[in-house]
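What follows is a short report on a single structure.
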Amino acid sequence: MDLSVVLFTSDRGITPADAAKAAEDAGFHAFYVPEHSHIPTSRDSAHPGTGGEIPDDRYLRILDPWVSLATAAAVTSTIRLGTAVALPMEHDPITLAKTLATLDHLSGGRVTLGVGFGWNVEELEDHGVPGKKRRTVLREYLELMGELWSKEVASYDGEFAHLKPSWAYPKPVQQPRIPILVGAGGTPKNFDWISANADGWITTPIETDIEERVAGLTETWSAKGREGKPRVVVLLTSRLEPGQLERWQELGVDEVMMGLPDKGAEEVRAFIGKMGARLTATA
């Protein structure tokens, strides 16, 4: 089972490059960062973890994920670099395809694109994305990017995304596309979307009954005619019970991701080293 870390980036504390290098040195599989372009001060959207107010002021201070991962790529050589999660709907998909292909090219094929549907509807609407259409927009943007990543001459014509026949390089090292994981609740609707459009699932911080959810995703995956199995990444939000990692691994969980504390660089580096040694010995 792979063990990874996620840094809720901000303009204070440890930098993404510093944290990624420490995580690589400690033997972690992947380093993830989140995305929010901004947080509207007035909104009707409820945070999924609290149902109300945003629980952490780092939401207001998140660094750009692509710049963050580029700095991490420059000081590492083996650790995978991902988002947990990004919001592609907030970008021009043609430009984002170029950014991600370049990052994958320069990092030697180490990028994982974790995406979400976007709980903050007001944030998406500021980017011109209708809240009720965000799943459609995400699907079309991912499809368009996939065409650019894999085809000599790419084109696309959807409701929200359009591309005339075009050349675009570099292509990602990973073919036919950069792996796509979806961070969302473990519901039948989401599992249907993941099985049709992505390569795996990242659990949410409030997820329960992981065993039951993984079984449901696997069943949906097979019903869609997908080969192999979806990649399952569990976001660890509480203390591990004895034998928990072993049970998850037997169930088919591929990766466990743990959050890093909002502390200074020295403290975070020490935390990464300590947890890396502990979890590696457990896994």
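Identifiers in the structure tokens: chain A, B, ... in order shown; residue index from 1 per chain; ligand index from 1 in order shown.
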
Long-range neighbours of range 133-147 of chain A as a ChimeraX atom specification, 9 Å cut-off, only C-alpha atoms, 3 positions minimum in chain: /A:87-89,92-94,96-98,115-118,121,124,129-130,150-163,176-178,180,193,197

Who sits within 8 Å of range 252-268 of chain A, only C-alpha atoms, same chain under 6 positions skipped, as a ChimeraX atom specification: /A:1-8,12-15,18-19,214,231-237

Spatial neighbours of range 37-39 of chain A, 8 Å, only C-alpha atoms, chain gap at least 4 places, as a ChimeraX atom specification: /A:59-60,62,64,90,123

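Comparing the minimum interatomic distances between Ala168 in chain A and each of A:Leu148, A:Ala223, A:Ala72, A:Leu181, counting only C-alpha atoms, we find that A:Leu148 sits nearest.
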